[in-house]
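Enquirer: Below you'll find structure.cif; it's mmCIF, C-alpha atoms and all ligand atoms.
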data_target
#
loop_
_atom_site.group_PDB
_atom_site.id
_atom_site.type_symbol
_atom_site.label_atom_id
_atom_site.label_comp_id
_atom_site.auth_asym_id
_atom_site.auth_seq_id
_atom_site.Cartn_x
_atom_site.Cartn_y
_atom_site.Cartn_z
ATOM 1 C CA MET A 27 -0.454 9.231 -27.591
ATOM 2 C CA THR A 28 -1.980 10.724 -24.457
ATOM 3 C CA ALA A 29 -2.322 8.156 -21.717
ATOM 4 C CA LYS A 30 -5.591 7.090 -20.142
ATOM 5 C CA LEU A 31 -5.670 7.866 -16.432
ATOM 6 C CA ILE A 32 -6.064 5.113 -13.852
ATOM 7 C CA LEU A 33 -7.689 6.815 -10.871
ATOM 8 C CA GLY A 34 -7.465 5.293 -7.408
ATOM 9 C CA LYS A 35 -10.689 6.961 -6.363
ATOM 10 C CA GLU A 36 -12.664 5.150 -9.069
ATOM 11 C CA VAL A 37 -11.005 1.766 -8.569
ATOM 12 C CA SER A 38 -11.287 1.986 -4.775
ATOM 13 C CA GLU A 39 -14.998 2.951 -4.974
ATOM 14 C CA GLU A 40 -15.631 -0.258 -6.908
ATOM 15 C CA ILE A 41 -13.798 -2.295 -4.259
ATOM 16 C CA TYR A 42 -15.526 -0.461 -1.372
ATOM 17 C CA GLY A 43 -18.860 -1.438 -2.947
ATOM 18 C CA GLU A 44 -17.823 -5.099 -2.760
ATOM 19 C CA LEU A 45 -16.481 -4.706 0.783
ATOM 20 C CA ARG A 46 -19.748 -3.164 1.987
ATOM 21 C CA GLN A 47 -21.604 -6.290 0.887
ATOM 22 C CA ARG A 48 -19.113 -8.551 2.637
ATOM 23 C CA ILE A 49 -19.364 -6.452 5.803
ATOM 24 C CA GLU A 50 -23.182 -6.714 5.702
ATOM 25 C CA ALA A 51 -22.905 -10.495 5.338
ATOM 26 C CA LEU A 52 -20.557 -10.648 8.330
ATOM 27 C CA LYS A 53 -22.856 -8.481 10.425
ATOM 28 C CA ALA A 54 -25.785 -10.730 9.537
ATOM 29 C CA ARG A 55 -23.754 -13.509 11.152
ATOM 30 C CA GLY A 56 -23.113 -11.399 14.263
ATOM 31 C CA VAL A 57 -19.552 -10.310 13.405
ATOM 32 C CA THR A 58 -18.559 -6.664 13.013
ATOM 33 C CA PRO A 59 -15.069 -6.482 11.491
ATOM 34 C CA GLY A 60 -12.742 -4.568 13.822
ATOM 35 C CA LEU A 61 -9.547 -2.779 12.865
ATOM 36 C CA ALA A 62 -7.156 -1.119 15.310
ATOM 37 C CA VAL A 63 -4.366 1.285 14.445
ATOM 38 C CA VAL A 64 -1.590 2.094 16.916
ATOM 39 C CA LEU A 65 0.279 5.380 16.574
ATOM 40 C CA VAL A 66 3.301 6.141 18.737
ATOM 41 C CA GLY A 67 4.321 9.804 18.810
ATOM 42 C CA GLU A 68 3.064 12.752 16.815
ATOM 43 C CA ASP A 69 4.499 12.497 13.319
ATOM 44 C CA PRO A 70 2.132 14.769 11.329
ATOM 45 C CA ALA A 71 2.011 12.572 8.197
ATOM 46 C CA SER A 72 1.301 9.482 10.323
ATOM 47 C CA GLN A 73 -1.455 11.366 12.174
ATOM 48 C CA VAL A 74 -3.166 12.079 8.845
ATOM 49 C CA TYR A 75 -2.930 8.416 7.706
ATOM 50 C CA VAL A 76 -4.182 7.114 11.044
ATOM 51 C CA ARG A 77 -7.126 9.518 11.052
ATOM 52 C CA LYS A 78 -8.052 8.521 7.490
ATOM 53 C CA LYS A 79 -7.957 4.817 8.365
ATOM 54 C CA GLY A 80 -10.281 5.399 11.330
ATOM 55 C CA GLU A 81 -12.681 7.483 9.247
ATOM 56 C CA MET A 82 -12.859 4.831 6.530
ATOM 57 C CA CYS A 83 -13.656 2.125 9.109
ATOM 58 C CA GLU A 84 -16.534 4.218 10.428
ATOM 59 C CA GLU A 85 -17.775 4.925 6.919
ATOM 60 C CA LEU A 86 -17.862 1.206 6.135
ATOM 61 C CA GLY A 87 -19.617 0.371 9.414
ATOM 62 C CA MET A 88 -16.616 -1.442 10.864
ATOM 63 C CA LYS A 89 -15.391 -1.203 14.429
ATOM 64 C CA SER A 90 -12.478 1.195 14.621
ATOM 65 C CA LEU A 91 -10.008 1.543 17.472
ATOM 66 C CA THR A 92 -7.265 4.164 17.352
ATOM 67 C CA VAL A 93 -4.601 3.754 20.025
ATOM 68 C CA LEU A 94 -2.506 6.897 20.515
ATOM 69 C CA MET A 95 0.644 6.409 22.571
ATOM 70 C CA PRO A 96 3.132 9.139 23.546
ATOM 71 C CA GLU A 97 6.543 9.510 21.873
ATOM 72 C CA GLU A 98 8.276 8.313 25.069
ATOM 73 C CA THR A 99 6.394 4.979 25.099
ATOM 74 C CA THR A 100 8.870 2.192 25.880
ATOM 75 C CA GLN A 101 9.305 -0.864 23.720
ATOM 76 C CA GLU A 102 7.931 -2.967 26.561
ATOM 77 C CA GLU A 103 4.772 -0.837 26.751
ATOM 78 C CA LEU A 104 4.248 -1.073 23.005
ATOM 79 C CA LEU A 105 4.796 -4.852 23.026
ATOM 80 C CA SER A 106 2.250 -5.168 25.799
ATOM 81 C CA LYS A 107 -0.276 -3.176 23.718
ATOM 82 C CA VAL A 108 0.411 -5.527 20.786
ATOM 83 C CA ALA A 109 -0.191 -8.532 23.064
ATOM 84 C CA GLU A 110 -3.473 -6.967 24.236
ATOM 85 C CA LEU A 111 -4.669 -6.477 20.634
ATOM 86 C CA ASN A 112 -3.540 -9.996 19.699
ATOM 87 C CA ALA A 113 -5.854 -11.281 22.441
ATOM 88 C CA ASP A 114 -8.847 -8.989 21.751
ATOM 89 C CA PRO A 115 -11.536 -10.974 19.874
ATOM 90 C CA SER A 116 -13.326 -7.799 18.719
ATOM 91 C CA ILE A 117 -10.191 -6.714 16.816
ATOM 92 C CA HIS A 118 -9.724 -8.869 13.730
ATOM 93 C CA GLY A 119 -6.773 -6.950 12.371
ATOM 94 C CA PHE A 120 -4.436 -4.223 13.525
ATOM 95 C CA LEU A 121 -1.286 -2.406 12.561
ATOM 96 C CA VAL A 122 1.365 -0.309 14.231
ATOM 97 C CA GLN A 123 1.951 2.788 12.141
ATOM 98 C CA LEU A 124 5.553 3.201 10.951
ATOM 99 C CA PRO A 125 7.992 4.844 11.367
ATOM 100 C CA LEU A 126 8.361 4.248 15.106
ATOM 101 C CA PRO A 127 10.495 6.453 17.355
ATOM 102 C CA ASP A 128 14.226 5.584 17.193
ATOM 103 C CA HIS A 129 14.345 3.942 20.639
ATOM 104 C CA ILE A 130 11.867 1.248 19.535
ATOM 105 C CA ASP A 131 12.980 -1.841 17.588
ATOM 106 C CA GLU A 132 10.544 -1.926 14.643
ATOM 107 C CA GLU A 133 11.334 -5.510 13.743
ATOM 108 C CA ALA A 134 10.644 -6.766 17.263
ATOM 109 C CA VAL A 135 7.254 -5.039 17.191
ATOM 110 C CA ILE A 136 6.284 -6.457 13.787
ATOM 111 C CA ASN A 137 7.385 -9.947 14.884
ATOM 112 C CA ALA A 138 5.129 -9.693 17.948
ATOM 113 C CA ILE A 139 1.939 -9.161 15.903
ATOM 114 C CA ASP A 140 -0.212 -12.289 15.549
ATOM 115 C CA PRO A 141 0.199 -13.113 11.805
ATOM 116 C CA SER A 142 -3.552 -13.796 11.514
ATOM 117 C CA LYS A 143 -4.182 -10.142 12.531
ATOM 118 C CA ASP A 144 -1.299 -8.641 10.518
ATOM 119 C CA VAL A 145 -3.353 -6.649 8.002
ATOM 120 C CA ASP A 146 -0.216 -4.764 6.851
ATOM 121 C CA CYS A 147 1.306 -8.097 5.764
ATOM 122 C CA PHE A 148 4.615 -7.055 7.351
ATOM 123 C CA HIS A 149 5.155 -10.138 9.568
ATOM 124 C CA PRO A 150 7.876 -12.432 8.127
ATOM 125 C CA SER A 151 5.445 -15.336 8.099
ATOM 126 C CA ASN A 152 3.005 -13.400 5.900
ATOM 127 C CA VAL A 153 5.812 -12.093 3.683
ATOM 128 C CA GLY A 154 6.976 -15.706 3.239
ATOM 129 C CA ARG A 155 3.469 -16.927 2.455
ATOM 130 C CA MET A 156 3.096 -14.246 -0.182
ATOM 131 C CA LEU A 157 6.445 -15.209 -1.722
ATOM 132 C CA ILE A 158 5.508 -18.893 -2.047
ATOM 133 C CA GLY A 159 2.160 -17.965 -3.592
ATOM 134 C CA ASN A 160 -0.092 -18.965 -0.684
ATOM 135 C CA PRO A 161 -0.939 -15.592 0.843
ATOM 136 C CA ASP A 162 -3.182 -14.944 3.806
ATOM 137 C CA PHE A 163 -2.927 -11.189 3.291
ATOM 138 C CA LEU A 164 -1.342 -9.100 0.579
ATOM 139 C CA PRO A 165 0.536 -5.892 1.437
ATOM 140 C CA ALA A 166 -1.805 -2.951 0.876
ATOM 141 C CA THR A 167 0.059 -0.725 -1.577
ATOM 142 C CA PRO A 168 1.278 -3.457 -3.964
ATOM 143 C CA ALA A 169 -2.153 -5.118 -3.787
ATOM 144 C CA GLY A 170 -3.702 -1.748 -4.666
ATOM 145 C CA VAL A 171 -1.428 -1.396 -7.692
ATOM 146 C CA GLN A 172 -2.328 -4.911 -8.838
ATOM 147 C CA GLN A 173 -6.050 -4.137 -8.518
ATOM 148 C CA MET A 174 -5.594 -0.942 -10.563
ATOM 149 C CA LEU A 175 -3.986 -2.992 -13.353
ATOM 150 C CA VAL A 176 -6.571 -5.784 -13.251
ATOM 151 C CA ARG A 177 -9.606 -3.501 -13.060
ATOM 152 C CA SER A 178 -8.320 -1.289 -15.883
ATOM 153 C CA GLY A 179 -8.029 -4.354 -18.108
ATOM 154 C CA VAL A 180 -4.237 -4.256 -18.338
ATOM 155 C CA ASP A 181 -2.957 -7.676 -19.391
ATOM 156 C CA THR A 182 0.048 -8.594 -17.247
ATOM 157 C CA ALA A 183 0.712 -12.148 -18.437
ATOM 158 C CA GLY A 184 4.129 -12.459 -20.056
ATOM 159 C CA LYS A 185 4.615 -8.687 -19.892
ATOM 160 C CA HIS A 186 7.865 -7.181 -18.714
ATOM 161 C CA VAL A 187 7.187 -5.455 -15.399
ATOM 162 C CA VAL A 188 10.009 -3.227 -14.193
ATOM 163 C CA VAL A 189 9.758 -2.182 -10.555
ATOM 164 C CA VAL A 190 11.832 0.864 -9.673
ATOM 165 C CA GLY A 191 12.723 0.720 -5.966
ATOM 166 C CA ARG A 192 13.385 -2.156 -3.551
ATOM 167 C CA SER A 193 11.657 -1.217 -0.289
ATOM 168 C CA ASN A 194 10.104 -3.867 1.938
ATOM 169 C CA ILE A 195 6.767 -2.012 1.819
ATOM 170 C CA VAL A 196 6.443 -1.615 -1.970
ATOM 171 C CA GLY A 197 9.263 -2.657 -4.342
ATOM 172 C CA LYS A 198 10.134 -6.143 -3.094
ATOM 173 C CA PRO A 199 6.565 -7.362 -2.428
ATOM 174 C CA MET A 200 5.345 -5.788 -5.690
ATOM 175 C CA ALA A 201 7.909 -7.773 -7.665
ATOM 176 C CA ALA A 202 7.084 -10.952 -5.731
ATOM 177 C CA MET A 203 3.372 -10.550 -6.492
ATOM 178 C CA MET A 204 3.774 -9.878 -10.222
ATOM 179 C CA VAL A 205 5.918 -12.977 -10.742
ATOM 180 C CA GLN A 206 3.317 -15.329 -9.198
ATOM 181 C CA LYS A 207 1.173 -17.617 -11.292
ATOM 182 C CA GLY A 208 -2.357 -16.392 -11.977
ATOM 183 C CA ALA A 209 -4.580 -13.501 -13.000
ATOM 184 C CA GLY A 210 -3.077 -10.041 -12.620
ATOM 185 C CA ALA A 211 0.424 -11.538 -12.480
ATOM 186 C CA ASP A 212 2.366 -14.085 -14.614
ATOM 187 C CA SER A 213 4.755 -11.275 -15.522
ATOM 188 C CA THR A 214 8.462 -11.268 -16.261
ATOM 189 C CA VAL A 215 9.821 -9.057 -13.497
ATOM 190 C CA THR A 216 12.931 -6.908 -13.080
ATOM 191 C CA ILE A 217 13.719 -4.795 -10.021
ATOM 192 C CA VAL A 218 15.965 -1.780 -10.523
ATOM 193 C CA HIS A 219 17.189 0.573 -7.801
ATOM 194 C CA SER A 220 19.657 3.307 -6.900
ATOM 195 C CA ARG A 221 22.650 1.007 -7.530
ATOM 196 C CA THR A 222 21.521 -0.249 -10.961
ATOM 197 C CA PRO A 223 24.023 1.112 -13.533
ATOM 198 C CA ASN A 224 21.878 0.879 -16.681
ATOM 199 C CA LEU A 225 18.610 1.880 -15.027
ATOM 200 C CA ALA A 226 17.164 3.938 -17.917
ATOM 201 C CA GLU A 227 17.866 1.132 -20.375
ATOM 202 C CA MET A 228 15.961 -1.256 -18.127
ATOM 203 C CA THR A 229 12.980 1.064 -17.597
ATOM 204 C CA ARG A 230 12.770 1.608 -21.380
ATOM 205 C CA SER A 231 12.224 -2.114 -21.819
ATOM 206 C CA ALA A 232 9.218 -2.129 -19.446
ATOM 207 C CA ASP A 233 5.722 -2.868 -20.720
ATOM 208 C CA ILE A 234 4.536 -2.004 -17.211
ATOM 209 C CA LEU A 235 6.650 0.384 -15.155
ATOM 210 C CA ILE A 236 5.943 0.582 -11.423
ATOM 211 C CA VAL A 237 7.860 3.356 -9.711
ATOM 212 C CA ALA A 238 8.414 3.509 -5.947
ATOM 213 C CA ILE A 239 11.833 5.055 -5.404
ATOM 214 C CA GLY A 240 10.851 8.128 -3.390
ATOM 215 C CA LYS A 241 12.536 10.732 -5.614
ATOM 216 C CA PRO A 242 10.415 13.527 -7.126
ATOM 217 C CA ARG A 243 9.984 13.226 -10.932
ATOM 218 C CA PHE A 244 12.784 10.631 -11.108
ATOM 219 C CA VAL A 245 11.328 8.903 -14.192
ATOM 220 C CA THR A 246 11.511 11.175 -17.232
ATOM 221 C CA ALA A 247 9.944 10.635 -20.655
ATOM 222 C CA ASP A 248 13.183 9.321 -22.204
ATOM 223 C CA MET A 249 13.095 6.438 -19.685
ATOM 224 C CA VAL A 250 9.680 5.204 -20.839
ATOM 225 C CA LYS A 251 8.769 3.059 -23.847
ATOM 226 C CA ASP A 252 5.960 4.275 -26.145
ATOM 227 C CA GLY A 253 2.683 2.754 -24.987
ATOM 228 C CA ALA A 254 3.954 1.569 -21.591
ATOM 229 C CA VAL A 255 1.668 1.391 -18.559
ATOM 230 C CA VAL A 256 3.140 3.648 -15.856
ATOM 231 C CA ILE A 257 2.169 3.314 -12.201
ATOM 232 C CA ASP A 258 3.548 6.015 -9.894
ATOM 233 C CA VAL A 259 3.638 5.035 -6.224
ATOM 234 C CA GLY A 260 5.660 8.097 -5.167
ATOM 235 C CA THR A 261 4.325 10.866 -2.969
ATOM 236 C CA ASN A 262 6.909 13.592 -2.527
ATOM 237 C CA ARG A 263 6.169 16.975 -1.016
ATOM 238 C CA VAL A 264 8.040 19.680 -2.947
ATOM 239 C CA ALA A 265 8.216 23.436 -2.379
ATOM 240 C CA ASP A 266 5.851 25.433 -4.594
ATOM 241 C CA PRO A 267 5.463 29.124 -3.736
ATOM 242 C CA THR A 268 2.472 29.429 -6.100
ATOM 243 C CA HIS A 269 0.546 26.890 -4.015
ATOM 244 C CA PRO A 270 -1.507 28.106 -0.996
ATOM 245 C CA LYS A 271 0.333 25.678 1.318
ATOM 246 C CA GLY A 272 3.752 26.634 -0.105
ATOM 247 C CA SER A 273 4.254 23.032 -1.211
ATOM 248 C CA ARG A 274 2.517 20.300 -3.178
ATOM 249 C CA LEU A 275 2.666 16.580 -3.813
ATOM 250 C CA VAL A 276 4.426 15.170 -6.847
ATOM 251 C CA GLY A 277 5.092 11.586 -7.799
ATOM 252 C CA ASP A 278 8.281 9.767 -8.761
ATOM 253 C CA VAL A 279 7.322 10.218 -12.429
ATOM 254 C CA ASP A 280 7.464 13.394 -14.520
ATOM 255 C CA PHE A 281 3.720 13.128 -15.163
ATOM 256 C CA GLU A 282 3.273 15.922 -17.723
ATOM 257 C CA ALA A 283 5.928 14.555 -20.092
ATOM 258 C CA VAL A 284 5.391 10.830 -19.489
ATOM 259 C CA LYS A 285 1.631 10.989 -20.041
ATOM 260 C CA GLU A 286 2.333 11.857 -23.697
ATOM 261 C CA LYS A 287 4.159 8.536 -24.143
ATOM 262 C CA ALA A 288 2.359 6.076 -21.892
ATOM 263 C CA SER A 289 -0.847 4.177 -22.720
ATOM 264 C CA TYR A 290 -2.037 4.297 -19.094
ATOM 265 C CA ILE A 291 -0.713 6.382 -16.206
ATOM 266 C CA THR A 292 -1.624 7.081 -12.578
ATOM 267 C CA PRO A 293 -1.548 10.729 -11.456
ATOM 268 C CA VAL A 294 -0.240 11.993 -8.096
ATOM 269 C CA PRO A 295 -2.285 12.783 -6.127
ATOM 270 C CA GLY A 296 -5.386 10.734 -7.023
ATOM 271 C CA GLY A 297 -3.622 7.651 -8.377
ATOM 272 C CA VAL A 298 -2.287 4.881 -6.159
ATOM 273 C CA GLY A 299 -2.804 6.903 -2.938
ATOM 274 C CA PRO A 300 -6.469 6.012 -2.215
ATOM 275 C CA MET A 301 -5.787 2.322 -2.921
ATOM 276 C CA THR A 302 -3.613 1.684 0.142
ATOM 277 C CA ILE A 303 -6.326 2.321 2.725
ATOM 278 C CA CYS A 304 -8.817 0.474 0.542
ATOM 279 C CA MET A 305 -6.703 -2.682 0.446
ATOM 280 C CA LEU A 306 -6.029 -2.373 4.176
ATOM 281 C CA MET A 307 -9.808 -2.410 4.722
ATOM 282 C CA ALA A 308 -10.033 -5.434 2.427
ATOM 283 C CA ASN A 309 -7.475 -7.218 4.614
ATOM 284 C CA ALA A 310 -9.417 -6.357 7.765
ATOM 285 C CA VAL A 311 -12.636 -7.726 6.244
ATOM 286 C CA ARG A 312 -10.736 -10.857 5.159
ATOM 287 C CA ALA A 313 -9.397 -11.310 8.710
ATOM 288 C CA ALA A 314 -12.940 -11.111 10.098
ATOM 289 C CA GLU A 315 -14.300 -13.520 7.477
ATOM 290 C CA ARG A 316 -11.719 -16.068 8.515
ATOM 291 C CA VAL A 317 -13.209 -16.078 12.016
ATOM 292 C CA VAL A 318 -16.634 -17.245 10.741
ATOM 293 C CA GLU A 319 -15.311 -19.629 8.064
HETATM 294 N N1 LIG B 1 3.826 3.953 7.183
HETATM 295 C C1 LIG B 1 3.736 4.252 5.865
HETATM 296 N N2 LIG B 1 2.993 3.329 5.230
HETATM 297 C C2 LIG B 1 2.608 2.430 6.154
HETATM 298 C C3 LIG B 1 1.817 1.260 6.107
HETATM 299 O O1 LIG B 1 1.323 0.830 5.058
HETATM 300 N N3 LIG B 1 1.645 0.607 7.279
HETATM 301 C C4 LIG B 1 2.199 1.034 8.432
HETATM 302 N N4 LIG B 1 2.003 0.329 9.544
HETATM 303 N N5 LIG B 1 2.936 2.129 8.522
HETATM 304 C C5 LIG B 1 3.134 2.821 7.383
#
Using structure tokens, write down the structure from this file.
Ligand code: GUN

Expert:
Amino acid sequence: MTAKLILGKEVSEEIYGELRQRIEALKARGVTPGLAVVLVGEDPASQVYVRKKGEMCEELGMKSLTVLMPEETTQEELLSKVAELNADPSIHGFLVQLPLPDHIDEEAVINAIDPSKDVDCFHPSNVGRMLIGNPDFLPATPAGVQQMLVRSGVDTAGKHVVVVGRSNIVGKPMAAMMVQKGAGADSTVTIVHSRTPNLAEMTRSADILIVAIGKPRFVTADMVKDGAVVIDVGTNRVADPTHPKGSRLVGDVDFEAVKEKASYITPVPGGVGPMTICMLMANAVRAAERVVE
């Protein structure tokens, strides 16, 4: 079997179409959704993400504010910027790009964000709401994965979902979402991680395998059941002298081998990647809609 590809560009285009209509409806009521992104320091990968988020806002006709702060910004200065954005009525949602410089306490910054503007869904109150099945926002990357499954017609109810990786940004919220009651969920969920002894045995029992462990080509074909749906959240830059840049992106899954076994698979790049910004935009639109509700 050669797997069908689930492409983030196609799925996100469908969602952007829906978002454009919701943005038009908001504008007709005098509200332009506003998203701010705060970047502290000059991490090159973060600069790319932040630029892309701003560009997508502009493309959708939303208000975009990019706040660039120097590496030596103090925690107090950053907290005062967060307070300013919390109070700004033209900004419906905002996020502080992670990672932050070492001298800043990430948790204190996340806790200071008004939960009703926390479009990353990183605030403990939003994480808790998601866990009890009454979410205000869903975290962007797991929500993107769920949309890829739903919009590709993958039935998740009663299926064994194995999540590889236990990060707060992907693994843990992904598992929490798939175990909820309702469409696109209702799954039986297992999380495996670097300390799981029989990891390959567990992944082989997955109907739907979601991999976010941050190790290039970690999941090999022998770890995948015939006909499984494989979602690769990994983006690892590896050296490749044949590539013009000297490096290229690979996922956490050995794509070439696994695609011969899976029923559906997401490539890297072009798979989950475009979904994260898309779902972030969806959260920003949601935050603005709540203001007029
Ligand atoms: N760094 C990597 N991914 C993310 C994300 O989704 N949100 C924020 N704020 N920082 C990140």

Enquirer: Per residue of chain A within 12 Å of ligand LIG 1 (chain B), note the shortest atom pair and the distance in Å to one decimal, counting only C-alpha atoms and all ligand atoms, and order the rows by chain and increasing residue number, as CSV.

Expert:
residue,atom,partner,partner_atom,distance
A:Ala62,CA,B:LIG1,N4,10.9
A:Val63,CA,B:LIG1,N4,8.1
A:Val64,CA,B:LIG1,N4,8.4
A:Leu65,CA,B:LIG1,N4,8.8
A:Val66,CA,B:LIG1,N4,11.0
A:Asp69,CA,B:LIG1,N1,10.5
A:Pro70,CA,B:LIG1,N1,11.7
A:Ala71,CA,B:LIG1,C1,8.8
A:Ser72,CA,B:LIG1,N1,6.8
A:Gln73,CA,B:LIG1,N1,10.4
A:Val74,CA,B:LIG1,N1,10.8
A:Tyr75,CA,B:LIG1,C1,8.1
A:Val76,CA,B:LIG1,N5,9.0
A:Lys79,CA,B:LIG1,N3,10.5
A:Gly119,CA,B:LIG1,N4,11.7
A:Phe120,CA,B:LIG1,N4,8.8
A:Leu121,CA,B:LIG1,N4,5.2
A:Val122,CA,B:LIG1,N4,4.8
A:Gln123,CA,B:LIG1,N4,3.6
A:Leu124,CA,B:LIG1,N5,3.7
A:Pro125,CA,B:LIG1,N1,6.0
A:Leu126,CA,B:LIG1,N5,8.8
A:Glu132,CA,B:LIG1,N4,10.2
A:Glu133,CA,B:LIG1,N4,11.8
A:Val135,CA,B:LIG1,N4,10.7
A:Ile136,CA,B:LIG1,N4,9.1
A:Ile139,CA,B:LIG1,N4,11.4
A:Asp144,CA,B:LIG1,N4,9.6
A:Val145,CA,B:LIG1,N3,8.8
A:Asp146,CA,B:LIG1,N3,5.7
A:Cys147,CA,B:LIG1,N3,8.8
A:Phe148,CA,B:LIG1,N4,8.1
A:His149,CA,B:LIG1,N4,10.9
A:Leu164,CA,B:LIG1,O1,11.2
A:Pro165,CA,B:LIG1,O1,7.7
A:Ala166,CA,B:LIG1,O1,6.4
A:Thr167,CA,B:LIG1,O1,6.9
A:Pro168,CA,B:LIG1,O1,10.0
A:Ala169,CA,B:LIG1,O1,11.2
A:Gly170,CA,B:LIG1,O1,11.2
A:Ser193,CA,B:LIG1,N2,11.2
A:Asn194,CA,B:LIG1,O1,10.4
A:Ile195,CA,B:LIG1,O1,6.9
A:Val196,CA,B:LIG1,O1,9.0
A:Val259,CA,B:LIG1,N2,11.6
A:Gly260,CA,B:LIG1,N2,11.7
A:Thr261,CA,B:LIG1,C1,11.1
A:Gly299,CA,B:LIG1,N2,10.6
A:Pro300,CA,B:LIG1,O1,11.9
A:Met301,CA,B:LIG1,O1,10.8
A:Thr302,CA,B:LIG1,O1,7.0
A:Ile303,CA,B:LIG1,O1,8.1
A:Cys304,CA,B:LIG1,O1,11.1
A:Met305,CA,B:LIG1,O1,9.9
A:Leu306,CA,B:LIG1,O1,8.1
A:Met307,CA,B:LIG1,O1,11.6
A:Asn309,CA,B:LIG1,O1,11.9

Enquirer: Apply the PyMOL selection byres (((chain A and resi 40) around 12) and not hetatm) to the structure shown and report the selected residues as a ChimeraX atom specification.

Expert: /A:33-39,41-47,173-174,177-178,301,304-305

Enquirer: Choose the residue, out of A:Gly87, A:Pro150, A:Gly277, A:Gly67, that has the smallest atom-to-atom separation from Ile49 of chain A; count only C-alpha atoms.

Expert: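 For Ile49 of chain A, the nearest of the candidates is A:Gly87.
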
Enquirer: Grab all the atoms of segment 69-84 of chain A that the file lists, wrap them in a box along x, y and z, add 4 Å per side, and give me centre plus edge lengths in Å (one decimal) as JSON.

Expert:
{"center_x": -6.0, "center_y": 8.4, "center_z": 9.9, "size_x": 29.0, "size_y": 20.6, "size_z": 14.8}

Enquirer: Please write the residues picked by the PyMOL selection byres (((chain A and resi 151) around 10) and not hetatm) on this file as a PyMOL selection string.

Expert: chain A and resi 137+140-142+144+147-150+152-157+161-162

Enquirer: With C-alpha atoms retained, could you export that selection as an mmCIF file, in the frame of the given file?

Expert:
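Final output, part-v7.cif:
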data_model
loop_
_atom_site.group_PDB
_atom_site.id
_atom_site.type_symbol
_atom_site.label_atom_id
_atom_site.label_comp_id
_atom_site.auth_asym_id
_atom_site.auth_seq_id
_atom_site.Cartn_x
_atom_site.Cartn_y
_atom_site.Cartn_z
ATOM 1 C CA ASN A 137 7.385 -9.947 14.884
ATOM 2 C CA ASP A 140 -0.212 -12.289 15.549
ATOM 3 C CA PRO A 141 0.199 -13.113 11.805
ATOM 4 C CA SER A 142 -3.552 -13.796 11.514
ATOM 5 C CA ASP A 144 -1.299 -8.641 10.518
ATOM 6 C CA CYS A 147 1.306 -8.097 5.764
ATOM 7 C CA PHE A 148 4.615 -7.055 7.351
ATOM 8 C CA HIS A 149 5.155 -10.138 9.568
ATOM 9 C CA PRO A 150 7.876 -12.432 8.127
ATOM 10 C CA ASN A 152 3.005 -13.400 5.900
ATOM 11 C CA VAL A 153 5.812 -12.093 3.683
ATOM 12 C CA GLY A 154 6.976 -15.706 3.239
ATOM 13 C CA ARG A 155 3.469 -16.927 2.455
ATOM 14 C CA MET A 156 3.096 -14.246 -0.182
ATOM 15 C CA LEU A 157 6.445 -15.209 -1.722
ATOM 16 C CA PRO A 161 -0.939 -15.592 0.843
ATOM 17 C CA ASP A 162 -3.182 -14.944 3.806
#

Enquirer: I'd like the interatomic distance between atom CA of Lys271 of chain A and atom CA of Gly296 of chain A, to a tenth of an Å.

Expert: 18.0 Å

Enquirer: Take the PyMOL selection byres (((chain A and resi 202) around 9) and not hetatm), apply it to the structure above, and return the hits as JSON, numbers by chain.

Expert: {"A": [156, 157, 158, 159, 197, 198, 199, 200, 201, 203, 204, 205, 206, 215]}

Enquirer: In Å to one decimal, how far is atom CA of Glu103 of chain A from atom CA of Ala313 of chain A?

Expert: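 Going from atom CA of Ala313 of chain A over to atom CA of Glu103 of chain A covers 25.2 Å.
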
Enquirer: What gap, in Å, lies between atom CA of Val171 of chain A and atom CA of Asn112 of chain A?

Expert: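 So the answer is 28.8 Å.
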
Enquirer: Restricting the calculation to all atoms listed in the file, which member of A:Leu235, A:Ala211, A:Ala134, A:Ala254 is positioned closest to Ser289 of chain A?

Expert: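 Using all atoms listed in the file, Ser289 of chain A sits closest to A:Ala254.
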
Enquirer: Identify which of the residues A:His118, A:Arg192, A:Asp278, A:Gly272 lies closest to Phe244 of chain A, counting all atoms listed in the file when measuring atom-to-atom distances.

Expert: A:Asp278

Enquirer: From the set A:Ala209, A:Val57, A:Val108, A:Met27, which residue has the shortest atom-to-atom contact distance to Lys251 of chain A, counting all atoms listed in the file?

Expert: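 Closest to Lys251 of chain A, using all atoms listed in the file: A:Met27.
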
Enquirer: Is there a way to get, as a PyMOL selection string, all residues within 12 Å of the point (7.7, 3.9, -20.3) in file coordinates, counting only C-alpha atoms?

Expert: chain A and resi 29+186-190+226-237+245-258+279-281+283-291

Enquirer: When you look at Pro59 of chain A with a cut-off of 8 Å (counting only C-alpha atoms), what residues show up, excluding the ones that are within fewer than 3 positions of it in the same chain? I need them as a compact mmCIF listing (two decimals) with C-alpha atoms, in the frame of the given file.

Expert:
# COMPACT_ATOMS: atom_id res chain seq x y z
CA ILE A 49 -19.36 -6.45 5.80
CA LEU A 52 -20.56 -10.65 8.33
CA MET A 88 -16.62 -1.44 10.86
CA LYS A 89 -15.39 -1.20 14.43
CA SER A 116 -13.33 -7.80 18.72
CA ILE A 117 -10.19 -6.71 16.82
CA HIS A 118 -9.72 -8.87 13.73
CA ALA A 310 -9.42 -6.36 7.76
CA VAL A 311 -12.64 -7.73 6.24
CA ALA A 313 -9.40 -11.31 8.71
CA ALA A 314 -12.94 -11.11 10.10

Enquirer: So, counting all atoms listed in the file, which residue among A:Leu61, A:Lys30, A:Glu68, A:Ile239 is closest to Gly80 of chain A?

Expert: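 Under the stated criterion, the closest residue is A:Leu61.
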